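Q: Following this message is one structure expressed as structure tokens.
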Amino acid sequence: MKVLVTGSAGFIGSTLVLRLLARGDTVIGIDNHNDYYDPQLKEARLARFARHPGYTHLRIDLADRAAIAATFAEHQPQAVVNLAAQAGVRYSIENPLAYIDSNIVGFAHILEGCRHHKVAHLVYASSSSVYGANTALPFSVHQNVDHPLSLYAASKKSNELMAHTYSSLYGLPTTGLRFFTVYGPWGRPDMALFKFTKAMLAGEPIQVFNHGRHRRDFTYVDDIVEGVIRVLDRPAPPNPDWDSNQPDPGTSKAPWRIYNIGNSDPVELLDYIAALEKALGRKAEKELLPLQSGDVPDTAADVQDLVEQFQYKPNTSIEEGISRFIDWYLSYYPSQGARP
């Protein structure tokens, strides 16, 4: 296929591009290379495939309506994976308008491109953060998610609603994937594993929120990408049994679907840190702090729909995933030290 991937210099996007190219797809990548975190890391991710004959890279912003329209018109992608977004729950408290520009306005431009150029399937990243104030675990796509706790979460919920209107009005197959705490090699420096590793190698304390007692459904990046590819290859179908009197929040009479992609094995943050300590061969000095605004205490993914419909379930253990991350980290930042 010819696939348009937004956020192609990002953590998940670059990993996905490598997989798509390896199986023979043609990929057009879009990334604005903003400085939310170290732009050099984005350049290094991109360098892994920038010269591949099947890859074309475009340095444009999703909020640039004319540039996005021109991209669709010139390249005519058959499928689109939208991974570009302003990420981060905590940053959305400090700079909310950045999320409107990228996650709302930019996504609308992607939807318009898909509509006008008859894209066969749009797959887009949603987030476990949409579950917000929900406390019934594990989180299911068949639960209502109307109480987000951050603007980031609200922007992702908005994407799901916007996609539904395009699926309903124009017959555009759209699939939203709620990712659960993704980690692994080439990850984002603003995420906990990256921050913890850097601090521990420098002999500095790590900030542990909620006193380390919250649980997260940590999901390894390769498992996320495998799920994206499986879903991408099967455009979202309508649910013929959808009942407007008892509406199912995860499906529709339109070609619109939502799936969780998570490891389905929540881990307490203190246990996650213990696995990191083992991988690094050193103990962490912990600064225990209360839960931050916008964060939720626990996440856990119900992936039954993914298992039943795609015969797939993420299964990389945190011990294996963290070990792979540390191997990458020490090779990418050799000056920061090595395992004792």
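Following the order of the structure tokens, chains are lettered A, B, ..., residues in each are numbered from 1, and ligands are numbered from 1.
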Mind the document's chain letters and residue numbers, and return as a PyMOL selection string the residues of stretch 211-308 of chain A that DSSP labels strand (DSSP E).
A: chain A and resi 215-216+219-220+256-261+267-268+286-289
Q: If you take only C-alpha atoms and a cut-off of 12 Å, which residues of stretch 22-78 of chain A touch stretch 87-91 of chain A, and what are their nearest atom pairs and distances in Å to one decimal, in chain and number order, as CSV?
A:
residue,atom,partner,partner_atom,distance
A:Asn34,CA,A:Ala87,CA,11.7
A:Tyr36,CA,A:Ala87,CA,8.9
A:Tyr37,CA,A:Ala87,CA,10.5
Q: Need to verify the contact set: stretch 161-178 of chain A, 9 Å, only C-alpha atoms, exclusion of same-chain residues closer than 5 positions in sequence. Can you return it as a PyMOL selection string?
A: chain A and resi 104+107-108+111-112+114-115+118-130+141+156+227-228+231-232+235-238+252-262
Q: Take the residues that were just selected and, keeping C-alpha atoms, output them as a PDB file, in the first residue's frame.
A:
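This is the output file out_34.pdb:
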ATOM      1  CA  ILE A 104      -8.076  19.275  16.917  1.00  0.00           C
ATOM      2  CA  PHE A 107      -6.849  16.223  12.829  1.00  0.00           C
ATOM      3  CA  ALA A 108      -9.659  18.019  11.005  1.00  0.00           C
ATOM      4  CA  LEU A 111     -10.071  14.008   7.958  1.00  0.00           C
ATOM      5  CA  GLU A 112     -10.707  16.411   5.090  1.00  0.00           C
ATOM      6  CA  CYS A 114      -9.122  11.443   3.632  1.00  0.00           C
ATOM      7  CA  ARG A 115     -12.629  12.503   2.630  1.00  0.00           C
ATOM      8  CA  LYS A 118     -11.175   8.509  -1.045  1.00  0.00           C
ATOM      9  CA  VAL A 119      -8.742   7.049   1.498  1.00  0.00           C
ATOM     10  CA  ALA A 120      -9.635   3.425   2.191  1.00  0.00           C
ATOM     11  CA  HIS A 121      -8.884   3.511   5.932  1.00  0.00           C
ATOM     12  CA  LEU A 122      -7.859   6.101   8.529  1.00  0.00           C
ATOM     13  CA  VAL A 123      -6.249   4.731  11.680  1.00  0.00           C
ATOM     14  CA  TYR A 124      -5.486   7.271  14.402  1.00  0.00           C
ATOM     15  CA  ALA A 125      -3.948   7.317  17.848  1.00  0.00           C
ATOM     16  CA  SER A 126      -6.286   7.895  20.732  1.00  0.00           C
ATOM     17  CA  SER A 127      -5.190   7.364  24.334  1.00  0.00           C
ATOM     18  CA  SER A 128      -6.004   5.544  27.547  1.00  0.00           C
ATOM     19  CA  SER A 129      -6.261   9.023  29.086  1.00  0.00           C
ATOM     20  CA  VAL A 130      -9.778   9.345  27.600  1.00  0.00           C
ATOM     21  CA  VAL A 141     -14.107   0.565  24.800  1.00  0.00           C
ATOM     22  CA  LYS A 156      -8.250  12.585  21.992  1.00  0.00           C
ATOM     23  CA  GLY A 227      -1.503  -3.863  16.686  1.00  0.00           C
ATOM     24  CA  VAL A 228      -1.556  -0.781  14.445  1.00  0.00           C
ATOM     25  CA  VAL A 231      -5.851  -2.982  12.330  1.00  0.00           C
ATOM     26  CA  LEU A 232      -4.623  -0.918   9.371  1.00  0.00           C
ATOM     27  CA  PRO A 235     -10.793  -1.201   7.322  1.00  0.00           C
ATOM     28  CA  ALA A 236     -13.334  -0.602  10.047  1.00  0.00           C
ATOM     29  CA  PRO A 237     -16.705  -2.219   9.286  1.00  0.00           C
ATOM     30  CA  PRO A 238     -20.115  -1.067  10.497  1.00  0.00           C
ATOM     31  CA  SER A 252     -21.365   2.190  15.290  1.00  0.00           C
ATOM     32  CA  LYS A 253     -23.717   1.594  12.403  1.00  0.00           C
ATOM     33  CA  ALA A 254     -21.101   3.661  10.513  1.00  0.00           C
ATOM     34  CA  PRO A 255     -17.686   2.154   9.567  1.00  0.00           C
ATOM     35  CA  TRP A 256     -16.106   3.342  12.839  1.00  0.00           C
ATOM     36  CA  ARG A 257     -14.345   1.342  15.534  1.00  0.00           C
ATOM     37  CA  ILE A 258     -12.368   1.901  18.733  1.00  0.00           C
ATOM     38  CA  TYR A 259      -9.864  -0.562  20.232  1.00  0.00           C
ATOM     39  CA  ASN A 260      -7.625  -0.609  23.272  1.00  0.00           C
ATOM     40  CA  ILE A 261      -4.004  -1.630  22.751  1.00  0.00           C
ATOM     41  CA  GLY A 262      -2.444  -2.419  26.109  1.00  0.00           C
TER      42      GLY A 262
END
Q: As a PDB file with all heavy atoms, in the first residue's frame, please: the residues near A:Thr197 (cut-off 10 Å, only C-alpha atoms, same-chain neighbours under 5 positions excluded).
A:
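Saved file result_24.pdb follows:
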ATOM      1  N   PRO A 189      11.700  11.703  25.708  1.00  0.00           N
ATOM      2  CA  PRO A 189      12.409  12.118  26.924  1.00  0.00           C
ATOM      3  C   PRO A 189      11.507  12.660  28.021  1.00  0.00           C
ATOM      4  O   PRO A 189      11.944  12.779  29.166  1.00  0.00           O
ATOM      5  CB  PRO A 189      13.353  13.226  26.418  1.00  0.00           C
ATOM      6  CG  PRO A 189      13.529  12.948  24.971  1.00  0.00           C
ATOM      7  CD  PRO A 189      12.206  12.400  24.514  1.00  0.00           C
ATOM      8  N   ALA A 192       8.302   8.808  31.835  1.00  0.00           N
ATOM      9  CA  ALA A 192       8.908   8.408  33.100  1.00  0.00           C
ATOM     10  C   ALA A 192      10.159   7.549  32.925  1.00  0.00           C
ATOM     11  O   ALA A 192      11.178   7.800  33.576  1.00  0.00           O
ATOM     12  CB  ALA A 192       7.874   7.665  33.948  1.00  0.00           C
ATOM     13  N   ALA A 202      22.878   9.525  36.470  1.00  0.00           N
ATOM     14  CA  ALA A 202      23.571  10.712  36.964  1.00  0.00           C
ATOM     15  C   ALA A 202      23.672  10.743  38.485  1.00  0.00           C
ATOM     16  O   ALA A 202      24.248  11.684  39.048  1.00  0.00           O
ATOM     17  CB  ALA A 202      22.857  11.963  36.471  1.00  0.00           C
ATOM     18  N   GLY A 203      23.118   9.726  39.142  1.00  0.00           N
ATOM     19  CA  GLY A 203      23.148   9.696  40.600  1.00  0.00           C
ATOM     20  C   GLY A 203      22.205  10.687  41.249  1.00  0.00           C
ATOM     21  O   GLY A 203      22.401  11.100  42.390  1.00  0.00           O
ATOM     22  N   GLU A 204      21.154  11.075  40.508  1.00  0.00           N
ATOM     23  CA  GLU A 204      20.194  12.050  41.013  1.00  0.00           C
ATOM     24  C   GLU A 204      18.900  11.355  41.429  1.00  0.00           C
ATOM     25  O   GLU A 204      18.588  10.262  40.942  1.00  0.00           O
ATOM     26  CB  GLU A 204      19.887  13.088  39.919  1.00  0.00           C
ATOM     27  CG  GLU A 204      21.109  13.877  39.473  1.00  0.00           C
ATOM     28  CD  GLU A 204      20.833  14.718  38.243  1.00  0.00           C
ATOM     29  OE1 GLU A 204      19.722  14.561  37.659  1.00  0.00           O
ATOM     30  OE2 GLU A 204      21.709  15.515  37.856  1.00  0.00           O
ATOM     31  N   ILE A 206      14.889  10.470  41.647  1.00  0.00           N
ATOM     32  CA  ILE A 206      13.794  10.468  40.681  1.00  0.00           C
ATOM     33  C   ILE A 206      12.516  10.912  41.387  1.00  0.00           C
ATOM     34  O   ILE A 206      12.310  10.621  42.570  1.00  0.00           O
ATOM     35  CB  ILE A 206      13.595   9.074  40.036  1.00  0.00           C
ATOM     36  CG1 ILE A 206      13.221   8.014  41.085  1.00  0.00           C
ATOM     37  CG2 ILE A 206      14.852   8.652  39.288  1.00  0.00           C
ATOM     38  CD1 ILE A 206      12.870   6.656  40.497  1.00  0.00           C
ATOM     39  N   ILE A 273       9.833   0.631  38.663  1.00  0.00           N
ATOM     40  CA  ILE A 273      11.141   1.181  39.043  1.00  0.00           C
ATOM     41  C   ILE A 273      12.084   0.062  39.462  1.00  0.00           C
ATOM     42  O   ILE A 273      13.283   0.082  39.141  1.00  0.00           O
ATOM     43  CB  ILE A 273      10.969   2.222  40.161  1.00  0.00           C
ATOM     44  CG1 ILE A 273      10.208   3.437  39.625  1.00  0.00           C
ATOM     45  CG2 ILE A 273      12.325   2.647  40.732  1.00  0.00           C
ATOM     46  CD1 ILE A 273       9.739   4.403  40.696  1.00  0.00           C
ATOM     47  N   LEU A 276      13.570  -1.430  36.486  1.00  0.00           N
ATOM     48  CA  LEU A 276      14.595  -0.534  35.947  1.00  0.00           C
ATOM     49  C   LEU A 276      15.873  -0.615  36.772  1.00  0.00           C
ATOM     50  O   LEU A 276      16.984  -0.645  36.220  1.00  0.00           O
ATOM     51  CB  LEU A 276      14.059   0.902  35.925  1.00  0.00           C
ATOM     52  CG  LEU A 276      15.032   1.991  35.464  1.00  0.00           C
ATOM     53  CD1 LEU A 276      15.567   1.698  34.070  1.00  0.00           C
ATOM     54  CD2 LEU A 276      14.347   3.360  35.508  1.00  0.00           C
ATOM     55  N   GLU A 277      15.743  -0.679  38.087  1.00  0.00           N
ATOM     56  CA  GLU A 277      16.914  -0.826  38.952  1.00  0.00           C
ATOM     57  C   GLU A 277      17.678  -2.104  38.622  1.00  0.00           C
ATOM     58  O   GLU A 277      18.920  -2.112  38.557  1.00  0.00           O
ATOM     59  CB  GLU A 277      16.481  -0.839  40.423  1.00  0.00           C
ATOM     60  CG  GLU A 277      15.974   0.499  40.935  1.00  0.00           C
ATOM     61  CD  GLU A 277      15.416   0.410  42.340  1.00  0.00           C
ATOM     62  OE1 GLU A 277      14.833  -0.648  42.695  1.00  0.00           O
ATOM     63  OE2 GLU A 277      15.543   1.383  43.089  1.00  0.00           O
ATOM     64  N   LEU A 280      19.529  -1.675  35.267  1.00  0.00           N
ATOM     65  CA  LEU A 280      20.676  -0.766  35.351  1.00  0.00           C
ATOM     66  C   LEU A 280      21.735  -1.247  36.342  1.00  0.00           C
ATOM     67  O   LEU A 280      22.869  -0.776  36.305  1.00  0.00           O
ATOM     68  CB  LEU A 280      20.217   0.637  35.751  1.00  0.00           C
ATOM     69  CG  LEU A 280      19.604   1.505  34.656  1.00  0.00           C
ATOM     70  CD1 LEU A 280      19.081   2.810  35.249  1.00  0.00           C
ATOM     71  CD2 LEU A 280      20.631   1.790  33.562  1.00  0.00           C
ATOM     72  N   ALA A 284      17.593   3.311  42.892  1.00  0.00           N
ATOM     73  CA  ALA A 284      17.106   4.675  42.676  1.00  0.00           C
ATOM     74  C   ALA A 284      16.880   5.366  44.009  1.00  0.00           C
ATOM     75  O   ALA A 284      16.379   4.768  44.965  1.00  0.00           O
ATOM     76  CB  ALA A 284      15.801   4.645  41.886  1.00  0.00           C
ATOM     77  N   PHE A 325      15.107  -1.264  26.289  1.00  0.00           N
ATOM     78  CA  PHE A 325      15.231   0.192  26.331  1.00  0.00           C
ATOM     79  C   PHE A 325      16.606   0.603  26.850  1.00  0.00           C
ATOM     80  O   PHE A 325      17.246   1.495  26.282  1.00  0.00           O
ATOM     81  CB  PHE A 325      14.141   0.797  27.218  1.00  0.00           C
ATOM     82  CG  PHE A 325      14.354   2.267  27.488  1.00  0.00           C
ATOM     83  CD1 PHE A 325      13.991   3.214  26.545  1.00  0.00           C
ATOM     84  CD2 PHE A 325      14.939   2.699  28.672  1.00  0.00           C
ATOM     85  CE1 PHE A 325      14.205   4.568  26.769  1.00  0.00           C
ATOM     86  CE2 PHE A 325      15.156   4.049  28.904  1.00  0.00           C
ATOM     87  CZ  PHE A 325      14.787   4.988  27.954  1.00  0.00           C
ATOM     88  N   ILE A 326      17.058  -0.037  27.907  1.00  0.00           N
ATOM     89  CA  ILE A 326      18.359   0.320  28.483  1.00  0.00           C
ATOM     90  C   ILE A 326      19.487   0.032  27.500  1.00  0.00           C
ATOM     91  O   ILE A 326      20.432   0.827  27.356  1.00  0.00           O
ATOM     92  CB  ILE A 326      18.587  -0.422  29.815  1.00  0.00           C
ATOM     93  CG1 ILE A 326      17.573   0.051  30.870  1.00  0.00           C
ATOM     94  CG2 ILE A 326      20.011  -0.203  30.318  1.00  0.00           C
ATOM     95  CD1 ILE A 326      17.603   1.544  31.150  1.00  0.00           C
ATOM     96  N   TYR A 329      19.351   2.911  25.159  1.00  0.00           N
ATOM     97  CA  TYR A 329      19.699   4.172  25.804  1.00  0.00           C
ATOM     98  C   TYR A 329      21.210   4.306  25.973  1.00  0.00           C
ATOM     99  O   TYR A 329      21.796   5.352  25.674  1.00  0.00           O
ATOM    100  CB  TYR A 329      19.005   4.274  27.165  1.00  0.00           C
ATOM    101  CG  TYR A 329      19.136   5.630  27.831  1.00  0.00           C
ATOM    102  CD1 TYR A 329      18.132   6.580  27.694  1.00  0.00           C
ATOM    103  CD2 TYR A 329      20.250   5.950  28.596  1.00  0.00           C
ATOM    104  CE1 TYR A 329      18.236   7.831  28.291  1.00  0.00           C
ATOM    105  CE2 TYR A 329      20.375   7.196  29.201  1.00  0.00           C
ATOM    106  CZ  TYR A 329      19.358   8.134  29.044  1.00  0.00           C
ATOM    107  OH  TYR A 329      19.483   9.372  29.628  1.00  0.00           O
ATOM    108  N   LEU A 330      21.854   3.240  26.425  1.00  0.00           N
ATOM    109  CA  LEU A 330      23.286   3.293  26.668  1.00  0.00           C
ATOM    110  C   LEU A 330      24.093   3.352  25.378  1.00  0.00           C
ATOM    111  O   LEU A 330      25.224   3.851  25.362  1.00  0.00           O
ATOM    112  CB  LEU A 330      23.722   2.092  27.513  1.00  0.00           C
ATOM    113  CG  LEU A 330      23.150   2.053  28.932  1.00  0.00           C
ATOM    114  CD1 LEU A 330      23.575   0.780  29.650  1.00  0.00           C
ATOM    115  CD2 LEU A 330      23.567   3.284  29.734  1.00  0.00           C
ATOM    116  N   GLN A 336      26.675   9.017  29.130  1.00  0.00           N
ATOM    117  CA  GLN A 336      25.961   9.071  30.408  1.00  0.00           C
ATOM    118  C   GLN A 336      26.322   7.912  31.335  1.00  0.00           C
ATOM    119  O   GLN A 336      25.834   7.846  32.452  1.00  0.00           O
ATOM    120  CB  GLN A 336      24.451   9.116  30.153  1.00  0.00           C
ATOM    121  CG  GLN A 336      23.988  10.425  29.529  1.00  0.00           C
ATOM    122  CD  GLN A 336      22.488  10.587  29.560  1.00  0.00           C
ATOM    123  OE1 GLN A 336      21.791   9.958  30.353  1.00  0.00           O
ATOM    124  NE2 GLN A 336      21.988  11.453  28.701  1.00  0.00           N
TER     125      GLN A 336
END
Q: Would you kindly return, as a PyMOL selection string, each protein, DNA or RNA residue with an atom no farther than 7 Å from any atom of stretch 44-55 of chain A, considering only C-alpha atoms and excluding same-chain residues fewer than 6 positions away?
A: chain A and resi 9+14+18+21+26-28
Q: Could you tell me how far atom CA of A:His142 sits from atom CA of A:Gln246, in Å to one decimal place?
A: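 Result for atom CA of A:Gln246 versus atom CA of A:His142: 11.2 Å, one decimal.
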Q: Quick one: residues within 12 Å of A:Leu62, only C-alpha atoms, excluding same-chain residues fewer than 2 positions away - as a PyMOL selection string?
A: chain A and resi 5-7+29-34+58-60+64-71+82-86+98-113
Q: Which residues come within 8 Å of A:Val296, counting only C-alpha atoms, excluding same-chain residues fewer than 3 positions away, as a list of chain:residue names?
A: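 Close residues of A:Val296: A:Ser129, A:Gly132, A:Ala133, A:Leu149, A:Thr299.
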Q: Atom CA of A:Asn210 to atom CA of A:Phe11: how many Å, to one decimal?
A: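 If I compute the distance from atom CA of A:Asn210 to atom CA of A:Phe11, I get 26.1 Å.
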Q: Please compute the atom CA of A:Arg188-atom CA of A:Gly24 distance, one decimal, in Å.
A: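 Taking atom CA of A:Arg188 and atom CA of A:Gly24, their separation equals 27.2 Å.
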Q: Using DSSP secondary structure from the backbone, list all alpha helix (DSSP H) positions within stretch 194-276 of chain A, as a list in words.
A: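 Checking each residue of stretch 194-276 of chain A, the alpha helix (DSSP H) ones are Phe194, Lys195, Phe196, Thr197, Lys198, Ala199, Met200, Leu201, Val221, Asp222, Asp223, Ile224, Val225, Glu226, Gly227, Val228, Ile229, Arg230, Val231, Leu232, Leu269, Leu270, Asp271, Tyr272, Ile273, Ala274, Ala275 and Leu276 of chain A.
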Q: Would you please work out which residue, of A:Glu160, A:Glu74, A:Asp302, A:Glu308, is nearest to A:Pro249 when using only C-alpha atoms?
A: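 Among A:Glu160, A:Glu74, A:Asp302, A:Glu308, it is A:Glu160 that comes nearest to A:Pro249.
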Q: May I ask which of the residues A:Pro314, A:Pro77, A:Pro39, A:Pro148 is the closest one to A:Asp295, counting only C-alpha atoms?
A: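 Of the candidates, the smallest distance to A:Asp295 is held by A:Pro148.
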Q: Between A:Asp271, A:Asp233, A:Asp222, A:Glu285, which residue has the minimum interatomic distance to A:Asn315, considering only C-alpha atoms?
A: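 Smallest distance to A:Asn315 is found for A:Asp222.
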